[in-house]
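In what follows, a single structure is set out as structure tokens and then discussed.
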Amino acid sequence: MKVGLLVRIEARPEHADEVEALLRGAQELAELEQGTVTWFAFRENATTFGVFDTFEDEQGRQAHLTGRIAAALGEIAGTKLSAPPVIAPVDLLGAKVS
């Protein structure tokens, strides 16, 4: 794993449960992506969610950014999120995987 994405998602309070459900369901989609090595969705507080995923290379990262999970987030951005998702590309410096 050489590169990753850190995504911060801020839901509108009345839609937080729907955003959680979308992220839980997105795991299935992530498992189908050959270029995605790891994928984690998390909830930070009542309305703040996030995703952290890793890829072997830039090609895998770009495929993910144009894939079905990104499209689903784009579809709900204007109605269920209080702001567009903040997507930060990261370079991995180290990892421990058991």
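Residues in the structure tokens are numbered from 1 in each chain, the chains being A, B, ... in the order shown, and ligands are numbered from 1 in the order shown.
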Exercise. Do you know which residues are at most 10 Å from Leu93 of chain A counting only C-alpha atoms, after dropping those on the same chain fewer than 4 positions away, and could you put them as a PyMOL selection string?
Worked result: chain A and resi 1-3
Could you please take those selected residues and save N, CA, C and O atoms as an mmCIF file, in the first residue's frame?
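Just written: out12.cif:
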```cif
data_model
loop_
_atom_site.group_PDB
_atom_site.id
_atom_site.type_symbol
_atom_site.label_atom_id
_atom_site.label_comp_id
_atom_site.auth_asym_id
_atom_site.auth_seq_id
_atom_site.Cartn_x
_atom_site.Cartn_y
_atom_site.Cartn_z
ATOM 1 N N MET A 1 0.853 -1.172 0.000
ATOM 2 C CA MET A 1 0.000 0.000 0.000
ATOM 3 C C MET A 1 0.896 1.231 0.000
ATOM 4 O O MET A 1 1.730 1.381 0.884
ATOM 5 N N LYS A 2 0.684 2.058 -0.981
ATOM 6 C CA LYS A 2 1.532 3.242 -1.111
ATOM 7 C C LYS A 2 0.767 4.550 -0.991
ATOM 8 O O LYS A 2 1.317 5.550 -0.573
ATOM 9 N N VAL A 3 -0.505 4.535 -1.389
ATOM 10 C CA VAL A 3 -1.290 5.761 -1.367
ATOM 11 C C VAL A 3 -2.652 5.491 -0.740
ATOM 12 O O VAL A 3 -3.096 4.347 -0.635
#
```
Could you give me, as an mmCIF file with N, CA, C and O atoms, in the first residue's frame, the residues within 9 Å of Val86 of chain A, counting only C-alpha atoms and dropping anything in the same chain fewer than 6 positions from it?
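What landed in around.cif:
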```cif
data_model
loop_
_atom_site.group_PDB
_atom_site.id
_atom_site.type_symbol
_atom_site.label_atom_id
_atom_site.label_comp_id
_atom_site.auth_asym_id
_atom_site.auth_seq_id
_atom_site.Cartn_x
_atom_site.Cartn_y
_atom_site.Cartn_z
ATOM 1 N N LEU A 6 -8.223 10.042 2.627
ATOM 2 C CA LEU A 6 -8.887 10.326 3.889
ATOM 3 C C LEU A 6 -10.040 11.263 3.566
ATOM 4 O O LEU A 6 -9.828 12.355 3.038
ATOM 5 N N VAL A 7 -11.254 10.805 3.834
ATOM 6 C CA VAL A 7 -12.456 11.549 3.447
ATOM 7 C C VAL A 7 -13.238 11.907 4.696
ATOM 8 O O VAL A 7 -13.512 11.050 5.537
ATOM 9 N N ARG A 8 -13.604 13.161 4.810
ATOM 10 C CA ARG A 8 -14.424 13.632 5.934
ATOM 11 C C ARG A 8 -15.803 13.990 5.378
ATOM 12 O O ARG A 8 -15.911 14.707 4.384
ATOM 13 N N ILE A 9 -16.830 13.476 6.039
ATOM 14 C CA ILE A 9 -18.209 13.645 5.573
ATOM 15 C C ILE A 9 -19.038 14.217 6.710
ATOM 16 O O ILE A 9 -19.099 13.632 7.795
ATOM 17 N N GLU A 10 -19.662 15.353 6.465
ATOM 18 C CA GLU A 10 -20.496 15.999 7.482
ATOM 19 C C GLU A 10 -21.957 15.928 7.052
ATOM 20 O O GLU A 10 -22.356 16.544 6.070
#
```
Problem set entry | Residue set, chain A restricted to helix (DSSP H, G or I), as a ChimeraX atom specification | /A:13-32,58-65,68-76
Problem set entry | 10 Å contact set for segment 59-74 of chain A, only C-alpha atoms, chain neighbours under 5 positions out, as an NGL selection string | :A and (3-5 or 9 or 19 or 22-23 or 25-30 or 33-37 or 53-54 or 79-81 or 84-85 or 87 or 89)
Exercise. Near Pro13 of chain A, counting only C-alpha atoms, which residues have an atom at most 8 Å away, once you skip same-chain residues fewer than 3 positions from it, shown as number ranges by chain?
Worked result: A: 16, 46-47
Keeping only N, CA and C atoms, write those residues as an mmCIF file, in the first residue's frame.
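Result saved to out.cif:
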```cif
data_model
loop_
_atom_site.group_PDB
_atom_site.id
_atom_site.type_symbol
_atom_site.label_atom_id
_atom_site.label_comp_id
_atom_site.auth_asym_id
_atom_site.auth_seq_id
_atom_site.Cartn_x
_atom_site.Cartn_y
_atom_site.Cartn_z
ATOM 1 N N ALA A 16 -28.314 11.974 9.355
ATOM 2 C CA ALA A 16 -27.128 11.251 9.827
ATOM 3 C C ALA A 16 -27.309 9.737 9.759
ATOM 4 N N ALA A 46 -22.019 12.535 16.174
ATOM 5 C CA ALA A 46 -23.396 12.385 15.693
ATOM 6 C C ALA A 46 -23.562 12.674 14.204
ATOM 7 N N THR A 47 -22.796 13.612 13.669
ATOM 8 C CA THR A 47 -22.984 13.994 12.264
ATOM 9 C C THR A 47 -21.722 13.901 11.411
#
```
